[in-house]
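Structure first, commentary second.
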Amino acid sequence: MIPITKPYLNSNDLKHIKNVLSSKILTDGYYQAKTESIIKNYLKSKFVAVTHSCTAALEISAILIDLKPGDEVILPSYGFVSIANAIVLRGAKPIFAEIDPIDLNISFDDIKKKISKKTKAIYVIHYAGNACDIEKISKYAKSKKIFLIEDAAHAFLGKYKKKFLGTFGDIGVFSFHETKNIIGGQAGCISLNNPKFIKRANNILDKGTNRKLYIKNYEKKIISSKNNKKFYSWVDLGSEYRAPELSCALLYSQLLKIKKIQNKRKKNWIVFKRLIEKLNTKKFYLIKPNKKSTSAYHILGLIFKTPSLARKFKNVFQNKKIAATFHYVPLHKSKMGKKFCNYKLPITENIYNRVVRLPLFSEMTNKEIKKISALLFRLFN
Ligand SMILES: Cc1ncc(COP(=O)(O)O)c(C=O)c1O
């Protein structure tokens, strides 16, 4: 089976993992500091912490903005469950918004319709690695004094105009899960643009303690204060949100080859885009970045005219041993989502079962690309 995605791993990754094991420093070590500083420099962010997942980063974001019962938070229903959980875990109410049927990103018009006096924050996703209407949404959130959090799980190094996705809002979160463009096994990170969050973020990341202030020497794990007069203690909400050193080492190694990985993904995506343009079919369209943005090329996604066409297409591809799958089930239609939502989202409901994901990864062989292209050609030419 040609999979939907495959991480790009080689002996260099192993080298860095072995380094961790031989150092015997398995938390808060060299690789954590290195990856955080590389990502911070890339994004030109004020603060970056590598977490064990994007889900963890989303939970931190909800604590940082102090979500509580009575608050409402707008998010796309067509999205991953982790944003919704982060909101509900704090006792706040998710308000599900529509998407744009062309790029499946949150609809700015619907955000404006869903705003109320209780709205504390807007969470957007840059779906498939393509920028949502981030400039407009960010201006709007500022004018309303509402927090903006960007879920850039798919979109590390994607841009809107010249600015990296994840750096427009107060907080940006990213995923380096095994399924993403670059990986830390299971990892993620949080980037803060709003400096007022930095001190608390360090505490939240460390189980709600101020331990960071007391770590004087990571290598020797010396934790002390001046004259050993004080100790670190519980100062805030928190959990174990940091990534272990093994994940950071893998992520570091992946960051060293990120340009190569991104270029290959882009090249592969463009091959399929050109083929689809040539097919000139009315049976489906390709999900594309908008003109002002640079995609992170995370997903090769098609939207079919009808759910039945999408289903048949998936069957044919899977029978030929090429992965072709659905993506998100709308959150407001899920068992949990229904507890918070009794309204309809016609665009989302109409589109989700017409979406099909096809394989896209950096190490696709020419043979794999040809096999997928030939089948597309045979079906739609
Ligand atoms: C948009 C979005 N946000 C968050 C996540 C969660 O990422 P992680 O698996 O790193 O927790 C995902 C997972 O794919 C996602 O698609």
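Residues are named by chain letter and number: chains run A, B, ... in the order of the structure tokens, numbers start at 1 in each chain, and ligands are numbered from 1 in the order shown.
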Leaving out Tyr123 in chain A and any residue of its chain fewer than 5 positions from it, which residues lie within 9 Å of it when counting only C-alpha atoms, given as a ChimeraX atom specification? /A:73-76,83,147-151
Pull the strand (DSSP E) assignments for range 41-123 of chain A out of DSSP run on the backbone, and list those residues as a list in words.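 DSSP on the backbone gives strand (DSSP E) at Phe47, Val48, Ala49, Val50, Thr51, Glu72, Val73, Ile74, Leu75, Pro76, Lys93, Pro94, Ile95, Phe96, Ala97, Thr119, Lys120, Ala121, Ile122 and Tyr123 of chain A.
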Quick one: of A:Glu368, A:Glu59, A:Glu363, A:Asp110, who's nearest to Ala201 in chain A, counting only C-alpha atoms? A:Glu59
Enumerate residues in contact with ligand 1: an atom-to-atom distance of at most 8 Å, counting only C-alpha atoms and all ligand atoms. Format the result as a list in words. His52, Ser53, Cys54, Thr55, Ala56, Ala57, Leu58, Gly79, Phe80, Val81, Ser82, Ile83, Ile125, His126, Tyr127, Asp151, Ala152, Ala153, His154, Phe174, Ser175, Phe176, His177, Thr179, Lys180, Gln186, Ala187 and Gly188 of chain A
At what distance in Å, to one decimal, does CA of Phe326 in chain A lie from CA of Asp103 in chain A?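 CA of Phe326 in chain A lies 15.4 Å from CA of Asp103 in chain A.
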Which residue, A:Tyr241, A:Tyr140, A:Phe47, A:Tyr352, has the smallest gap to Pro330 in chain A when you use only C-alpha atoms?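 Between A:Tyr241, A:Tyr140, A:Phe47, A:Tyr352, the residue approaching Pro330 in chain A most closely is A:Tyr352.
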Would you work out the distance separating CA of Tyr78 in chain A from CA of Leu275 in chain A, expressed in Å to one decimal?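 One can read the CA of Tyr78 in chain A to CA of Leu275 in chain A distance as 27.5 Å.
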Residues at most 12 Å from Arg200 in chain A, counting only C-alpha atoms, excluding those fewer than 2 positions away in the same chain, as a PyMOL selection string? chain A and resi 47+60-61+63-66+192+194-198+202-213+235-238
Selection export as a compact mmCIF listing (two decimals), in the first residue's frame, atoms kept: N, CA, C and O atoms:
```
# COMPACT_ATOMS: atom_id res chain seq x y z
N PHE A 47 8.99 33.43 22.02
CA PHE A 47 9.21 32.30 22.93
C PHE A 47 8.74 31.02 22.25
O PHE A 47 7.65 31.00 21.66
N ILE A 60 -2.05 24.16 26.79
CA ILE A 60 -1.32 25.28 27.43
C ILE A 60 -1.96 26.61 27.00
O ILE A 60 -2.17 27.51 27.82
N SER A 61 -2.28 26.71 25.71
CA SER A 61 -2.85 27.97 25.21
C SER A 61 -4.14 28.31 25.96
O SER A 61 -4.39 29.46 26.32
N ILE A 63 -4.98 27.44 28.96
CA ILE A 63 -4.69 27.87 30.35
C ILE A 63 -4.16 29.31 30.32
O ILE A 63 -4.55 30.15 31.12
N LEU A 64 -3.27 29.58 29.34
CA LEU A 64 -2.66 30.92 29.27
C LEU A 64 -3.68 32.03 29.10
O LEU A 64 -3.53 33.11 29.67
N ILE A 65 -4.72 31.76 28.28
CA ILE A 65 -5.69 32.84 28.05
C ILE A 65 -6.79 32.82 29.11
O ILE A 65 -7.78 33.53 29.01
N ASP A 66 -6.59 31.94 30.09
CA ASP A 66 -7.46 31.91 31.26
C ASP A 66 -8.92 31.60 30.92
O ASP A 66 -9.83 32.24 31.43
N LEU A 192 4.95 31.87 21.35
CA LEU A 192 4.20 33.00 21.91
C LEU A 192 4.60 34.29 21.24
O LEU A 192 5.80 34.59 21.14
N ASN A 194 2.77 37.04 22.21
CA ASN A 194 2.36 37.98 23.24
C ASN A 194 3.28 37.78 24.45
O ASN A 194 3.17 36.78 25.16
N PRO A 195 4.24 38.71 24.69
CA PRO A 195 5.27 38.47 25.72
C PRO A 195 4.70 38.32 27.13
O PRO A 195 5.33 37.73 27.99
N LYS A 196 3.49 38.83 27.32
CA LYS A 196 2.97 38.76 28.70
C LYS A 196 2.72 37.32 29.14
O LYS A 196 2.55 37.04 30.31
N PHE A 197 2.71 36.38 28.18
CA PHE A 197 2.44 34.98 28.54
C PHE A 197 3.69 34.19 28.94
O PHE A 197 3.58 33.08 29.42
N ILE A 198 4.88 34.75 28.70
CA ILE A 198 6.09 33.92 28.77
C ILE A 198 6.34 33.32 30.16
O ILE A 198 6.59 32.13 30.31
N ASN A 202 6.26 29.07 31.13
CA ASN A 202 7.32 28.23 31.70
C ASN A 202 6.81 27.42 32.88
O ASN A 202 7.17 26.26 33.06
N ASN A 203 5.96 28.02 33.69
CA ASN A 203 5.41 27.30 34.85
C ASN A 203 4.42 26.22 34.41
O ASN A 203 4.46 25.10 34.91
N ILE A 204 3.53 26.59 33.48
CA ILE A 204 2.51 25.63 33.03
C ILE A 204 3.16 24.41 32.40
O ILE A 204 2.75 23.27 32.62
N LEU A 205 4.21 24.66 31.62
CA LEU A 205 4.93 23.58 30.94
C LEU A 205 5.56 22.60 31.93
O LEU A 205 5.83 21.45 31.61
N ASP A 206 5.84 23.08 33.11
CA ASP A 206 6.58 22.31 34.10
C ASP A 206 5.71 21.95 35.29
O ASP A 206 6.06 22.21 36.44
N LYS A 207 4.55 21.40 34.99
CA LYS A 207 3.61 20.89 36.02
C LYS A 207 3.12 21.99 36.98
O LYS A 207 2.80 21.72 38.14
N GLY A 208 3.14 23.23 36.50
CA GLY A 208 2.65 24.33 37.35
C GLY A 208 3.66 24.74 38.40
O GLY A 208 3.32 25.40 39.38
N THR A 209 4.93 24.39 38.18
CA THR A 209 5.97 24.81 39.14
C THR A 209 6.89 25.86 38.52
O THR A 209 6.95 25.99 37.30
N ASN A 210 7.63 26.55 39.38
CA ASN A 210 8.60 27.53 38.89
C ASN A 210 10.01 26.92 38.82
O ASN A 210 11.01 27.61 39.01
N ARG A 211 10.07 25.63 38.53
CA ARG A 211 11.32 24.88 38.49
C ARG A 211 12.36 25.49 37.56
O ARG A 211 13.55 25.50 37.84
N LYS A 212 11.86 26.04 36.43
CA LYS A 212 12.76 26.62 35.43
C LYS A 212 13.73 27.64 36.05
O LYS A 212 14.89 27.72 35.67
N LEU A 213 13.24 28.40 37.03
CA LEU A 213 14.07 29.43 37.67
C LEU A 213 15.23 28.84 38.46
O LEU A 213 16.21 29.50 38.74
N VAL A 235 3.12 26.82 41.66
CA VAL A 235 2.73 28.23 41.59
C VAL A 235 1.55 28.49 40.65
O VAL A 235 1.02 29.59 40.60
N ASP A 236 1.16 27.50 39.85
CA ASP A 236 0.12 27.75 38.83
C ASP A 236 -0.49 26.41 38.41
O ASP A 236 -0.03 25.36 38.85
N LEU A 237 -1.46 26.48 37.51
CA LEU A 237 -1.96 25.25 36.88
C LEU A 237 -0.88 24.72 35.96
O LEU A 237 -0.06 25.48 35.46
N GLY A 238 -0.92 23.45 35.68
CA GLY A 238 0.06 22.92 34.73
C GLY A 238 -0.02 21.43 34.60
O GLY A 238 -0.86 20.77 35.21
```
Pick from A:Val20, A:Leu279, A:Cys189, A:Ile111 nearest to Ile95 in chain A, counting only C-alpha atoms: A:Ile111
So which residues touch range 307-309 of chain A within 12 Å, counting only C-alpha atoms, skipping near sequence neighbours fewer than 3 positions away, as a PyMOL selection string? chain A and resi 282-284+302-304+312-316+326+349-356+379-380
Which residues are close to range 35-41 of chain A, i.e. within 6 Å by only C-alpha atoms, leaving aside same-chain residues fewer than 6 positions away? Reply as number ranges by chain. A: 48-49, 252
Take the residues that were just selected and, keeping C-alpha atoms, output them as an mmCIF file, in the first residue's frame.
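Just written: out-v2.cif:
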```cif
data_model
loop_
_atom_site.group_PDB
_atom_site.id
_atom_site.type_symbol
_atom_site.label_atom_id
_atom_site.label_comp_id
_atom_site.auth_asym_id
_atom_site.auth_seq_id
_atom_site.Cartn_x
_atom_site.Cartn_y
_atom_site.Cartn_z
ATOM 1 C CA VAL A 48 9.140 28.688 21.792
ATOM 2 C CA ALA A 49 8.787 25.526 23.862
ATOM 3 C CA TYR A 252 16.561 18.515 15.817
#
```
As a ChimeraX atom specification, please: the residues near Arg357 in chain A (cut-off 8 Å, only C-alpha atoms, same-chain neighbours under 6 positions excluded). /A:4,299-302,324-327
How would the residues just chosen look if you wrote them out with N, CA and C atoms as an mmCIF file, in the first residue's frame?
```cif
data_model
loop_
_atom_site.group_PDB
_atom_site.id
_atom_site.type_symbol
_atom_site.label_atom_id
_atom_site.label_comp_id
_atom_site.auth_asym_id
_atom_site.auth_seq_id
_atom_site.Cartn_x
_atom_site.Cartn_y
_atom_site.Cartn_z
ATOM 1 N N ILE A 4 -0.606 7.258 3.093
ATOM 2 C CA ILE A 4 -0.930 8.691 2.999
ATOM 3 C C ILE A 4 0.320 9.518 3.295
ATOM 4 N N ILE A 299 -1.013 18.409 2.909
ATOM 5 C CA ILE A 299 -2.054 17.453 2.479
ATOM 6 C C ILE A 299 -2.332 17.593 0.991
ATOM 7 N N LEU A 300 -2.453 16.453 0.332
ATOM 8 C CA LEU A 300 -2.956 16.441 -1.044
ATOM 9 C C LEU A 300 -4.434 16.064 -0.928
ATOM 10 N N GLY A 301 -5.291 17.067 -1.048
ATOM 11 C CA GLY A 301 -6.712 16.847 -0.788
ATOM 12 C C GLY A 301 -7.576 17.173 -1.993
ATOM 13 N N LEU A 302 -8.572 16.311 -2.230
ATOM 14 C CA LEU A 302 -9.520 16.539 -3.330
ATOM 15 C C LEU A 302 -10.912 16.689 -2.743
ATOM 16 N N ALA A 324 -6.286 6.187 0.228
ATOM 17 C CA ALA A 324 -7.160 7.325 -0.091
ATOM 18 C C ALA A 324 -8.176 7.343 1.038
ATOM 19 N N THR A 325 -8.184 8.424 1.815
ATOM 20 C CA THR A 325 -9.016 8.409 3.031
ATOM 21 C C THR A 325 -9.818 9.699 3.187
ATOM 22 N N PHE A 326 -10.793 9.639 4.097
ATOM 23 C CA PHE A 326 -11.546 10.834 4.501
ATOM 24 C C PHE A 326 -10.641 11.657 5.418
ATOM 25 N N HIS A 327 -11.085 12.866 5.791
ATOM 26 C CA HIS A 327 -10.334 13.553 6.837
ATOM 27 C C HIS A 327 -11.239 13.798 8.027
#
```
What is the CA of Ala310 in chain A-CA of Met364 in chain A distance in Å, reported with one decimal?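 Computed distance, CA of Ala310 in chain A to CA of Met364 in chain A, equals 23.4 Å.
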DSSP-assigned helix (DSSP H, G or I) members of range 131-313 of chain A, reported as a PyMOL selection string: chain A and resi 134-144+195-205+211-214+226-228+245-256+258-279+307-313
Save the residues we just selected, C-alpha atoms, as a PDB file, in the first residue's frame?
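See selection-v4.pdb below for the written result:
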```pdb
ATOM      1  CA  ILE A 134      -5.327  35.243   8.827  1.00  0.00           C
ATOM      2  CA  GLU A 135      -4.675  38.937   8.175  1.00  0.00           C
ATOM      3  CA  LYS A 136      -8.353  39.866   8.303  1.00  0.00           C
ATOM      4  CA  ILE A 137      -9.070  37.584  11.250  1.00  0.00           C
ATOM      5  CA  SER A 138      -6.103  38.921  13.192  1.00  0.00           C
ATOM      6  CA  LYS A 139      -7.112  42.570  12.636  1.00  0.00           C
ATOM      7  CA  TYR A 140     -10.671  41.737  13.618  1.00  0.00           C
ATOM      8  CA  ALA A 141      -9.634  39.851  16.794  1.00  0.00           C
ATOM      9  CA  LYS A 142      -7.434  42.805  17.827  1.00  0.00           C
ATOM     10  CA  SER A 143     -10.253  45.283  17.227  1.00  0.00           C
ATOM     11  CA  LYS A 144     -12.561  43.195  19.419  1.00  0.00           C
ATOM     12  CA  PRO A 195       5.269  38.466  25.719  1.00  0.00           C
ATOM     13  CA  LYS A 196       2.968  38.765  28.699  1.00  0.00           C
ATOM     14  CA  PHE A 197       2.440  34.984  28.539  1.00  0.00           C
ATOM     15  CA  ILE A 198       6.095  33.919  28.772  1.00  0.00           C
ATOM     16  CA  LYS A 199       6.571  33.675  32.535  1.00  0.00           C
ATOM     17  CA  ARG A 200       3.368  31.689  33.056  1.00  0.00           C
ATOM     18  CA  ALA A 201       4.105  29.442  30.065  1.00  0.00           C
ATOM     19  CA  ASN A 202       7.322  28.227  31.696  1.00  0.00           C
ATOM     20  CA  ASN A 203       5.409  27.303  34.845  1.00  0.00           C
ATOM     21  CA  ILE A 204       2.505  25.629  33.030  1.00  0.00           C
ATOM     22  CA  LEU A 205       4.931  23.575  30.939  1.00  0.00           C
ATOM     23  CA  ARG A 211      11.324  24.884  38.495  1.00  0.00           C
ATOM     24  CA  LYS A 212      12.762  26.619  35.425  1.00  0.00           C
ATOM     25  CA  LEU A 213      14.068  29.433  37.671  1.00  0.00           C
ATOM     26  CA  TYR A 214      16.057  26.959  39.717  1.00  0.00           C
ATOM     27  CA  LYS A 226      21.135  31.372  45.781  1.00  0.00           C
ATOM     28  CA  ASN A 227      22.590  29.890  48.949  1.00  0.00           C
ATOM     29  CA  ASN A 228      20.042  27.073  48.710  1.00  0.00           C
ATOM     30  CA  GLU A 245      14.959  14.618  25.033  1.00  0.00           C
ATOM     31  CA  LEU A 246      14.661  11.646  22.607  1.00  0.00           C
ATOM     32  CA  SER A 247      11.846  13.433  20.747  1.00  0.00           C
ATOM     33  CA  CYS A 248      13.816  16.674  20.743  1.00  0.00           C
ATOM     34  CA  ALA A 249      16.867  14.895  19.273  1.00  0.00           C
ATOM     35  CA  LEU A 250      14.773  13.451  16.453  1.00  0.00           C
ATOM     36  CA  LEU A 251      13.153  16.812  15.840  1.00  0.00           C
ATOM     37  CA  TYR A 252      16.561  18.515  15.817  1.00  0.00           C
ATOM     38  CA  SER A 253      17.808  16.063  13.214  1.00  0.00           C
ATOM     39  CA  GLN A 254      14.679  16.654  11.114  1.00  0.00           C
ATOM     40  CA  LEU A 255      15.087  20.428  11.374  1.00  0.00           C
ATOM     41  CA  LEU A 256      18.552  20.071   9.834  1.00  0.00           C
ATOM     42  CA  ILE A 258      13.733  20.590   6.656  1.00  0.00           C
ATOM     43  CA  LYS A 259      14.494  22.537   3.464  1.00  0.00           C
ATOM     44  CA  LYS A 260      15.075  19.305   1.567  1.00  0.00           C
ATOM     45  CA  ILE A 261      11.887  17.753   2.960  1.00  0.00           C
ATOM     46  CA  GLN A 262       9.757  20.804   2.163  1.00  0.00           C
ATOM     47  CA  ASN A 263      11.161  21.150  -1.358  1.00  0.00           C
ATOM     48  CA  LYS A 264      10.412  17.522  -2.138  1.00  0.00           C
ATOM     49  CA  ARG A 265       6.856  17.761  -0.791  1.00  0.00           C
ATOM     50  CA  LYS A 266       6.308  20.898  -2.857  1.00  0.00           C
ATOM     51  CA  LYS A 267       7.703  19.235  -5.973  1.00  0.00           C
ATOM     52  CA  ASN A 268       5.464  16.178  -5.525  1.00  0.00           C
ATOM     53  CA  TRP A 269       2.381  18.305  -4.842  1.00  0.00           C
ATOM     54  CA  ILE A 270       3.018  20.334  -7.983  1.00  0.00           C
ATOM     55  CA  VAL A 271       3.265  17.155 -10.106  1.00  0.00           C
ATOM     56  CA  PHE A 272      -0.263  16.214  -8.983  1.00  0.00           C
ATOM     57  CA  LYS A 273      -1.560  19.773  -9.350  1.00  0.00           C
ATOM     58  CA  ARG A 274      -0.360  19.913 -12.965  1.00  0.00           C
ATOM     59  CA  LEU A 275      -1.879  16.534 -13.747  1.00  0.00           C
ATOM     60  CA  ILE A 276      -5.225  17.544 -12.214  1.00  0.00           C
ATOM     61  CA  GLU A 277      -5.219  20.800 -14.212  1.00  0.00           C
ATOM     62  CA  LYS A 278      -4.624  18.759 -17.370  1.00  0.00           C
ATOM     63  CA  LEU A 279      -7.489  16.395 -16.547  1.00  0.00           C
ATOM     64  CA  PRO A 307     -20.232  11.855  -1.453  1.00  0.00           C
ATOM     65  CA  SER A 308     -20.898   8.847  -3.666  1.00  0.00           C
ATOM     66  CA  LEU A 309     -18.162   9.854  -6.136  1.00  0.00           C
ATOM     67  CA  ALA A 310     -15.769  10.295  -3.212  1.00  0.00           C
ATOM     68  CA  ARG A 311     -16.667   6.870  -1.808  1.00  0.00           C
ATOM     69  CA  LYS A 312     -16.225   5.125  -5.167  1.00  0.00           C
ATOM     70  CA  PHE A 313     -12.894   6.900  -5.707  1.00  0.00           C
TER      71      PHE A 313
END
```
From the set A:Lys288, A:Lys333, A:Lys371, A:Lys230, which residue has the shortest atom-to-atom contact distance to Met1 in chain A, counting only C-alpha atoms?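 Ranking A:Lys288, A:Lys333, A:Lys371, A:Lys230 by distance to Met1 in chain A, first place goes to A:Lys371.
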